[in-house]
>>> print(open('run15.txt').read())   # compact mmCIF, C-alpha atoms and all ligand atoms
# COMPACT_ATOMS: atom_id res chain seq x y z
CA MET A 1 -69.17 1.21 7.84
CA VAL A 2 -66.72 -1.48 6.72
CA VAL A 3 -63.60 -2.42 8.70
CA PHE A 4 -61.01 -5.16 8.41
CA PRO A 5 -60.30 -6.90 11.73
CA ASN A 6 -56.79 -8.32 11.48
CA ALA A 7 -54.99 -11.24 13.11
CA LYS A 8 -52.10 -11.15 15.59
CA ILE A 9 -49.07 -13.33 16.14
CA ASN A 10 -47.32 -14.08 19.42
CA ILE A 11 -43.58 -13.48 19.32
CA GLY A 12 -42.48 -15.44 22.36
CA LEU A 13 -45.10 -16.92 24.68
CA TYR A 14 -44.32 -17.92 28.25
CA ILE A 15 -47.00 -19.42 30.49
CA THR A 16 -45.72 -18.28 33.85
CA GLU A 17 -48.29 -19.49 36.41
CA LYS A 18 -51.74 -20.89 36.95
CA ARG A 19 -54.06 -18.40 38.62
CA PRO A 20 -56.64 -19.08 41.32
CA ASP A 21 -59.41 -18.20 38.78
CA GLY A 22 -58.29 -21.09 36.53
CA PHE A 23 -56.68 -18.84 33.91
CA HIS A 24 -52.92 -18.56 33.39
CA ASN A 25 -50.59 -15.62 33.60
CA LEU A 26 -48.42 -15.21 30.55
CA ALA A 27 -45.70 -13.04 29.03
CA SER A 28 -45.79 -12.47 25.29
CA CYS A 29 -45.38 -9.95 22.51
CA PHE A 30 -48.57 -9.52 20.47
CA TYR A 31 -47.88 -8.17 16.98
CA PRO A 32 -50.62 -7.28 14.43
CA VAL A 33 -50.46 -8.95 11.01
CA GLY A 34 -52.41 -8.32 7.81
CA TRP A 35 -54.52 -11.50 7.51
CA SER A 36 -58.00 -9.97 7.94
CA ASP A 37 -61.74 -10.52 8.04
CA ALA A 38 -64.17 -7.93 6.66
CA LEU A 39 -66.87 -6.58 8.96
CA GLU A 40 -69.75 -4.42 7.75
CA VAL A 41 -72.04 -2.70 10.25
CA LEU A 42 -75.01 -0.61 9.07
CA PRO A 43 -77.96 1.00 10.88
CA ALA A 44 -81.00 -1.23 10.21
CA PRO A 45 -84.63 -1.73 11.33
CA GLU A 46 -83.61 -4.73 13.49
CA LEU A 47 -80.44 -6.46 14.75
CA THR A 48 -79.30 -9.08 12.23
CA PHE A 49 -76.09 -11.07 11.88
CA GLN A 50 -74.91 -12.79 8.73
CA ALA A 51 -71.62 -14.58 8.16
CA SER A 52 -69.95 -15.79 4.99
CA GLY A 53 -66.54 -17.23 4.15
CA LEU A 54 -65.06 -19.76 6.59
CA PRO A 55 -67.69 -21.58 8.67
CA ILE A 56 -67.64 -20.49 12.33
CA PRO A 57 -68.10 -23.34 14.83
CA GLY A 58 -71.07 -22.69 17.10
CA GLY A 59 -72.60 -20.45 14.43
CA GLU A 60 -75.33 -23.00 13.75
CA GLN A 61 -76.66 -22.37 17.27
CA GLY A 62 -77.63 -18.89 16.19
CA THR A 63 -76.17 -15.45 16.02
CA GLU A 64 -75.96 -14.87 19.77
CA SER A 65 -72.84 -17.03 20.10
CA ASN A 66 -70.87 -14.86 17.71
CA LEU A 67 -68.43 -12.47 19.32
CA CYS A 68 -69.64 -9.60 17.10
CA VAL A 69 -73.14 -9.93 18.52
CA LYS A 70 -71.78 -10.38 22.04
CA ALA A 71 -69.87 -7.11 21.62
CA TYR A 72 -73.06 -5.35 20.45
CA ARG A 73 -75.05 -6.69 23.42
CA LEU A 74 -72.33 -5.65 25.84
CA LEU A 75 -72.31 -2.04 24.62
CA ALA A 76 -76.11 -1.96 24.38
CA ARG A 77 -76.27 -2.48 28.15
CA ASP A 78 -74.70 0.95 28.72
CA TYR A 79 -75.58 2.92 25.57
CA PRO A 80 -78.89 3.42 23.73
CA LEU A 81 -77.71 1.62 20.57
CA PRO A 82 -79.98 1.59 17.52
CA PRO A 83 -80.31 -1.83 15.79
CA VAL A 84 -77.72 -2.73 13.15
CA SER A 85 -77.19 -5.29 10.43
CA ILE A 86 -73.83 -7.04 10.77
CA HIS A 87 -72.10 -8.90 7.97
CA LEU A 88 -68.89 -10.76 8.74
CA LEU A 89 -66.75 -12.17 5.95
CA LYS A 90 -64.63 -14.70 7.82
CA ALA A 91 -61.17 -15.24 6.35
CA ILE A 92 -58.85 -15.62 9.38
CA PRO A 93 -58.62 -19.33 10.29
CA ILE A 94 -60.55 -20.13 13.45
CA GLY A 95 -59.06 -21.60 16.64
CA ALA A 96 -55.73 -20.99 14.97
CA GLY A 97 -53.74 -18.96 17.48
CA LEU A 98 -54.38 -15.80 15.47
CA GLY A 99 -57.01 -14.20 17.69
CA GLY A 100 -59.44 -13.70 14.81
CA GLY A 101 -62.61 -13.92 16.90
CA SER A 102 -61.17 -11.49 19.42
CA ALA A 103 -60.28 -9.07 16.62
CA ASP A 104 -63.87 -9.16 15.33
CA ALA A 105 -65.20 -8.39 18.81
CA ALA A 106 -62.76 -5.52 19.39
CA PHE A 107 -63.43 -3.97 15.97
CA MET A 108 -67.17 -4.24 16.62
CA ILE A 109 -66.71 -2.15 19.78
CA LYS A 110 -64.68 0.42 17.83
CA VAL A 111 -67.18 0.57 14.95
CA LEU A 112 -70.21 1.03 17.19
CA SER A 113 -68.47 3.80 19.10
CA GLN A 114 -67.59 5.59 15.85
CA LEU A 115 -70.80 4.92 13.92
CA PHE A 116 -73.03 6.31 16.66
CA GLY A 117 -70.65 8.99 17.98
CA LEU A 118 -70.49 7.38 21.44
CA GLN A 119 -66.94 8.59 22.05
CA VAL A 120 -66.16 5.62 24.29
CA PRO A 121 -62.63 6.35 25.63
CA THR A 122 -59.90 3.86 24.62
CA GLU A 123 -59.51 2.48 28.18
CA GLN A 124 -63.25 1.95 28.41
CA GLN A 125 -63.25 0.13 25.06
CA GLN A 126 -60.45 -2.07 26.38
CA ALA A 127 -62.45 -2.79 29.53
CA TYR A 128 -65.41 -3.95 27.42
CA ALA A 129 -63.09 -6.05 25.24
CA ARG A 130 -61.59 -7.78 28.32
CA GLN A 131 -65.03 -9.14 29.13
CA LEU A 132 -65.18 -10.91 25.76
CA GLY A 133 -61.79 -12.68 25.75
CA SER A 134 -58.31 -12.49 27.20
CA ASP A 135 -56.57 -11.28 24.03
CA CYS A 136 -59.45 -9.08 22.86
CA ALA A 137 -58.33 -5.80 24.48
CA PHE A 138 -55.07 -5.84 22.49
CA PHE A 139 -57.02 -5.27 19.25
CA ILE A 140 -58.46 -1.93 20.40
CA GLU A 141 -55.15 -0.11 19.87
CA ASN A 142 -53.86 -2.89 17.60
CA THR A 143 -50.18 -1.93 17.89
CA PRO A 144 -47.21 -4.10 19.02
CA LYS A 145 -47.45 -4.74 22.76
CA TYR A 146 -45.70 -6.62 25.53
CA CYS A 147 -48.59 -8.50 27.15
CA TYR A 148 -48.88 -9.98 30.59
CA GLY A 149 -51.53 -11.04 33.13
CA LYS A 150 -54.15 -13.08 31.26
CA GLY A 151 -52.84 -11.44 28.08
CA ASP A 152 -55.23 -8.57 28.73
CA GLU A 153 -52.72 -6.20 30.31
CA PHE A 154 -50.04 -4.64 28.19
CA GLU A 155 -47.44 -1.97 27.61
CA ASP A 156 -46.09 -0.48 24.39
CA ILE A 157 -43.00 -2.12 23.03
CA ALA A 158 -40.42 -0.46 20.78
CA LEU A 159 -40.37 -3.30 18.29
CA ARG A 160 -40.94 -2.46 14.64
CA LEU A 161 -40.57 -5.18 12.04
CA THR A 162 -42.04 -2.96 9.31
CA GLY A 163 -40.84 -3.90 5.83
CA ARG A 164 -39.94 -7.45 6.78
CA TRP A 165 -42.05 -10.20 5.28
CA ILE A 166 -44.29 -12.63 7.14
CA VAL A 167 -45.58 -16.02 6.03
CA LEU A 168 -48.42 -17.64 8.00
CA VAL A 169 -49.20 -21.32 7.46
CA ASN A 170 -52.26 -22.96 8.96
CA PRO A 171 -52.51 -26.75 8.50
CA GLY A 172 -56.16 -26.80 9.54
CA ILE A 173 -55.78 -28.51 12.91
CA HIS A 174 -58.26 -26.87 15.29
CA ILE A 175 -56.71 -26.63 18.76
CA ALA A 176 -59.04 -25.44 21.53
CA THR A 177 -57.31 -22.80 23.66
CA ALA A 178 -58.37 -24.41 26.96
CA GLU A 179 -56.99 -27.80 25.79
CA ALA A 180 -53.67 -26.20 24.89
CA TYR A 181 -53.34 -24.47 28.28
CA ALA A 182 -54.14 -27.74 30.07
CA GLY A 183 -51.02 -29.36 28.52
CA VAL A 184 -48.52 -26.77 29.75
CA ARG A 185 -46.51 -26.79 32.98
CA PRO A 186 -46.13 -23.12 33.93
CA ARG A 187 -42.60 -21.75 34.42
CA GLN A 188 -40.83 -18.42 34.66
CA PRO A 189 -38.78 -17.46 31.57
CA GLU A 190 -35.02 -17.37 32.10
CA GLN A 191 -34.74 -13.86 30.66
CA ASP A 192 -37.12 -10.95 30.22
CA LEU A 193 -38.83 -11.18 26.81
CA ARG A 194 -38.63 -7.38 26.41
CA TYR A 195 -34.84 -7.61 26.61
CA LEU A 196 -34.66 -10.58 24.19
CA LEU A 197 -36.81 -8.77 21.61
CA GLN A 198 -34.35 -5.88 21.52
CA GLN A 199 -31.56 -8.25 20.38
CA PRO A 200 -30.96 -8.92 16.64
CA ILE A 201 -33.62 -11.17 15.08
CA THR A 202 -30.88 -13.68 14.19
CA ASP A 203 -30.54 -14.38 17.96
CA TRP A 204 -34.26 -15.10 18.42
CA PRO A 205 -34.32 -18.78 17.28
CA GLY A 206 -32.02 -19.67 20.18
CA THR A 207 -33.61 -17.42 22.79
CA ILE A 208 -37.34 -16.74 22.16
CA SER A 209 -39.88 -19.58 22.29
CA ASN A 210 -43.55 -20.48 22.61
CA ASP A 211 -44.36 -22.72 25.61
CA PHE A 212 -47.24 -24.41 23.78
CA GLU A 213 -44.81 -25.96 21.25
CA ALA A 214 -43.36 -28.45 23.78
CA SER A 215 -46.71 -30.12 24.42
CA LEU A 216 -48.33 -29.72 20.99
CA PHE A 217 -45.41 -30.55 18.64
CA PRO A 218 -45.13 -34.23 19.74
CA LYS A 219 -48.91 -34.60 19.40
CA TYR A 220 -49.09 -32.99 15.92
CA PRO A 221 -45.80 -33.70 14.04
CA VAL A 222 -46.94 -31.62 11.06
CA LEU A 223 -46.38 -28.51 13.21
CA PRO A 224 -42.59 -28.90 13.74
CA SER A 225 -42.21 -29.98 10.11
CA ILE A 226 -43.81 -26.72 8.88
CA LYS A 227 -41.61 -24.70 11.25
CA GLN A 228 -38.50 -26.45 9.93
CA ARG A 229 -39.62 -25.86 6.32
CA LEU A 230 -40.01 -22.13 7.05
CA TYR A 231 -36.40 -22.04 8.25
CA GLU A 232 -35.28 -23.99 5.15
CA LEU A 233 -37.00 -21.35 3.01
CA GLY A 234 -34.90 -18.64 4.71
CA ALA A 235 -36.96 -17.45 7.68
CA ARG A 236 -34.90 -15.47 10.19
CA TYR A 237 -37.32 -16.55 12.90
CA ALA A 238 -40.12 -19.12 12.91
CA SER A 239 -42.58 -20.14 15.60
CA MET A 240 -46.08 -21.30 16.35
CA SER A 241 -48.51 -18.47 17.12
CA GLY A 242 -50.50 -18.64 20.36
CA SER A 243 -52.05 -22.02 21.06
CA GLY A 244 -51.66 -23.03 17.41
CA SER A 245 -52.04 -24.43 14.93
CA THR A 246 -50.70 -21.57 12.80
CA LEU A 247 -46.94 -21.35 12.26
CA TYR A 248 -45.26 -18.20 11.03
CA GLY A 249 -41.90 -17.27 9.56
CA ILE A 250 -40.37 -13.79 9.47
CA PHE A 251 -38.22 -13.16 6.38
CA GLU A 252 -36.02 -10.23 5.30
CA ASN A 253 -37.72 -10.19 1.87
CA GLU A 254 -40.56 -11.91 0.05
CA PRO A 255 -39.69 -15.63 -0.09
CA ASN A 256 -40.43 -18.01 -2.94
CA LEU A 257 -42.65 -20.61 -1.30
CA ALA A 258 -42.97 -22.68 -4.52
CA ASN A 259 -45.34 -25.58 -3.76
CA ASN A 260 -44.20 -26.02 -0.19
CA PHE A 261 -47.46 -25.45 1.64
CA ASP A 262 -49.97 -26.62 -0.97
CA GLY A 263 -53.17 -27.78 0.68
CA TYR A 264 -52.73 -25.50 3.71
CA ALA A 265 -54.19 -22.06 4.31
CA VAL A 266 -51.33 -19.61 3.68
CA TRP A 267 -51.11 -15.83 3.96
CA GLN A 268 -48.07 -13.71 3.29
CA GLY A 269 -47.37 -10.02 3.23
CA GLU A 270 -45.26 -7.19 4.59
CA LEU A 271 -45.27 -6.64 8.32
CA ILE A 272 -46.92 -3.44 9.49
C1 LIG B 301 -53.35 -18.53 23.78
C2 LIG B 301 -53.52 -17.09 23.40
C3 LIG B 301 -52.16 -16.39 23.46
O1 LIG B 301 -52.20 -15.15 22.88
O2 LIG B 301 -54.01 -16.85 22.10
P1 LIG B 301 -54.79 -17.78 21.01
O3 LIG B 301 -54.01 -19.01 20.76
O4 LIG B 301 -56.14 -18.10 21.57
O5 LIG B 301 -54.91 -16.91 19.79
C4 LIG B 301 -54.49 -16.37 24.39
O6 LIG B 301 -54.00 -16.45 25.72
C5 LIG B 301 -55.90 -16.89 24.40
O7 LIG B 301 -56.76 -15.86 24.67
P2 LIG B 301 -58.32 -15.99 24.30
O8 LIG B 301 -58.50 -16.80 23.04
O9 LIG B 301 -58.90 -14.62 24.31
O10 LIG B 301 -58.84 -16.89 25.50
P3 LIG B 301 -60.21 -16.81 26.34
O11 LIG B 301 -61.35 -16.89 25.37
O12 LIG B 301 -60.17 -15.68 27.29
O13 LIG B 301 -60.12 -18.17 27.19
C6 LIG B 301 -60.32 -19.45 26.64
C7 LIG B 301 -59.80 -20.46 27.64
O14 LIG B 301 -58.36 -20.51 27.58
C8 LIG B 301 -57.79 -20.64 28.89
N1 LIG B 301 -56.95 -19.46 29.18
C9 LIG B 301 -57.02 -18.34 28.37
C10 LIG B 301 -56.20 -17.27 28.62
C11 LIG B 301 -55.31 -17.33 29.71
N2 LIG B 301 -54.49 -16.31 30.01
N3 LIG B 301 -55.26 -18.44 30.50
C12 LIG B 301 -56.07 -19.51 30.24
O15 LIG B 301 -55.99 -20.52 30.95
C13 LIG B 301 -58.96 -20.79 29.86
O16 LIG B 301 -59.19 -22.17 30.01
C14 LIG B 301 -60.12 -20.14 29.10
O17 LIG B 301 -61.36 -20.68 29.47
N1 LIG B 302 -66.46 -13.87 14.95
C1 LIG B 302 -65.87 -15.03 15.31
N2 LIG B 302 -64.80 -15.50 14.63
C2 LIG B 302 -64.18 -16.65 15.03
N3 LIG B 302 -64.56 -17.39 16.07
C3 LIG B 302 -65.62 -16.97 16.78
C4 LIG B 302 -66.31 -15.79 16.43
N4 LIG B 302 -67.29 -15.63 17.31
C5 LIG B 302 -67.23 -16.65 18.17
N5 LIG B 302 -66.24 -17.47 17.86
C6 LIG B 302 -65.81 -18.68 18.64
O1 LIG B 302 -64.51 -18.42 19.20
C7 LIG B 302 -63.65 -19.57 19.10
C8 LIG B 302 -62.16 -19.19 18.99
O2 LIG B 302 -61.97 -18.15 18.09
P1 LIG B 302 -60.57 -17.62 17.48
O3 LIG B 302 -60.38 -16.23 17.98
O4 LIG B 302 -60.58 -17.80 16.01
O5 LIG B 302 -59.46 -18.59 18.08
P2 LIG B 302 -57.99 -18.28 18.60
O6 LIG B 302 -58.17 -17.48 19.85
O7 LIG B 302 -57.37 -19.64 18.86
O8 LIG B 302 -57.26 -17.53 17.55
C9 LIG B 302 -64.19 -20.33 17.90
O9 LIG B 302 -64.08 -21.72 18.10
C10 LIG B 302 -65.66 -19.91 17.76
O10 LIG B 302 -66.53 -20.90 18.25
>>> encode(input="run15.txt", output="structure tokens")
Amino acid sequence: MVVFPNAKINIGLYITEKRPDGFHNLASCFYPVGWSDALEVLPAPELTFQASGLPIPGGEQGTESNLCVKAYRLLARDYPLPPVSIHLLKAIPIGAGLGGGSADAAFMIKVLSQLFGLQVPTEQQQAYARQLGSDCAFFIENTPKYCYGKGDEFEDIALRLTGRWIVLVNPGIHIATAEAYAGVRPRQPEQDLRYLLQQPITDWPGTISNDFEASLFPKYPVLPSIKQRLYELGARYASMSGSGSTLYGIFENEPNLANNFDGYAVWQGELI
């Protein structure tokens, strides 16, 4: 079975408080986008994992560190899973604020459930995903959500940007999530993000923001310059996604990027 785990963007990201367990509570909208890996899972005589495409840090220490294998091991504790061969073609930039590793793990859970007829209920799949990463559970349903708690609790949100165009630009700066959180002073947002998202997109640049930008933009000046360039190219709204370093712009129609982001990893397409 072949599936295509896709990335997410954060539209608005507020780090509201530090929790006693060391994590942070947040408020954000997670929205799926089309930049995808390819994941093939086949029944096989023994468990194997193979990756191609972008190199995955930690991969050299063996397959066990990969989230796809961790997802398999997690399910294998509760279900009699036959061995499988796993091939991951990595295309989503890593440590990029796009949740690519979490998407791979969530899709692995979904594939195993389907491939072997396990019929793991959605909530149970989400519970497994939560054990693998804070934003992993989102990718089980993979639809626009208002997220809170560690980013692992969510509710449906009536936000559909379908038909609009998205441009994602990754300048290749790897920002560790823990490092990014350490630089933020938690605060409560002035207004509820769910309310702000219901306002016209032309209001968003003045009202919806990502709390990681304040600490990371001065440190990495290329980030605000890409955001500004996206606005100059006609974006209705531009922002950093998650803990960076990917920036995105939402456009009414397909923009002409010309040579603007040469040398960076770029993906563009219609929003789903
Ligand atoms: C920042 C966000 C926003 O959507 O996305 P990315 O930039 O990673 O895509 C997420 O909160 C990332 O979630 P995820 O990447 O799953 O993080 P995890 O693996 O669970 O945690 C990595 C580390 O980040 C910190 N962390 C993560 C989530 C959270 N709510 N509070 C935290 O303080 C902790 O230090 C933790 O050890
Ligand atoms: N299948 C995978 N794809 C990407 N990263 C993975 C994977 N498995 C484990 N990892 C580890 O997870 C870390 C963060 O992954 P990723 O989800 O790409 O970052 P982010 O949450 O910032 O978008 C990587 O540094 C890598 O070591």
>>> residues_near_ligand(input="run15.txt", ligand="ligand LIG 301 (chain B)", cutoff="6 Å", atoms="all atoms listed in the file", output="list in words")
Phe23, His24, Asn25, Gly97, Leu98, Gly99, Gly133, Ser134, Asp135, Cys136, Lys150, Gly151, Thr177, Ala178, Tyr181, Gly242, Ser243 and Gly244 of chain A
>>> residues_near_ligand(input="run15.txt", ligand="ligand LIG 302 (chain B)", cutoff="7 Å", atoms="all atoms listed in the file", output="PyMOL selection string")
chain A and resi 56-58+65-68+90+93-102+104-105+176-177+243-244
>>> closest_residue(input="run15.txt", among="A:Leu132, A:Leu196, A:Leu230, A:Ala158", to="A:Phe251", atoms="all atoms listed in the file")
A:Leu230
>>> residues_around(input="run15.txt", residues="stretch 141-146 of chain A", least_positions_apart="5", cutoff="12 Å", atoms="only C-alpha atoms", output="ChimeraX atom specification")
/A:4-14,26-34,99,102-103,106-107,109-110,121-126,129,135-136,151-162,192-197,271-272
>>> atom_distance(input="run15.txt", atom1="atom CA of A:Ile140", atom2="atom CA of A:Gln114")
12.7 Å
>>> residues_around(input="run15.txt", residues="A:Ile166", least_positions_apart="3", cutoff="7 Å", atoms="all atoms listed in the file", output="list of chain:residue names")
A:Tyr248, A:Gly249, A:Ile250, A:Phe251, A:Gln268, A:Gly269, A:Glu270, A:Leu271
>>> closest_residue(input="run15.txt", among="A:Glu46, A:Asp37, A:Glu213, A:Glu17", to="A:Val3", atoms="all atoms listed in the file")
A:Asp37
>>> closest_residue(input="run15.txt", among="A:Ser245, A:Ser215, A:Thr207, A:Thr16", to="A:Lys227", atoms="all atoms listed in the file")
A:Ser245
>>> atom_distance(input="run15.txt", atom1="atom CA of A:Gly53", atom2="atom CA of A:Val41")
16.7 Å
>>> atom_distance(input="run15.txt", atom1="atom CA of A:Pro171", atom2="atom CA of A:Ser209")
20.0 Å
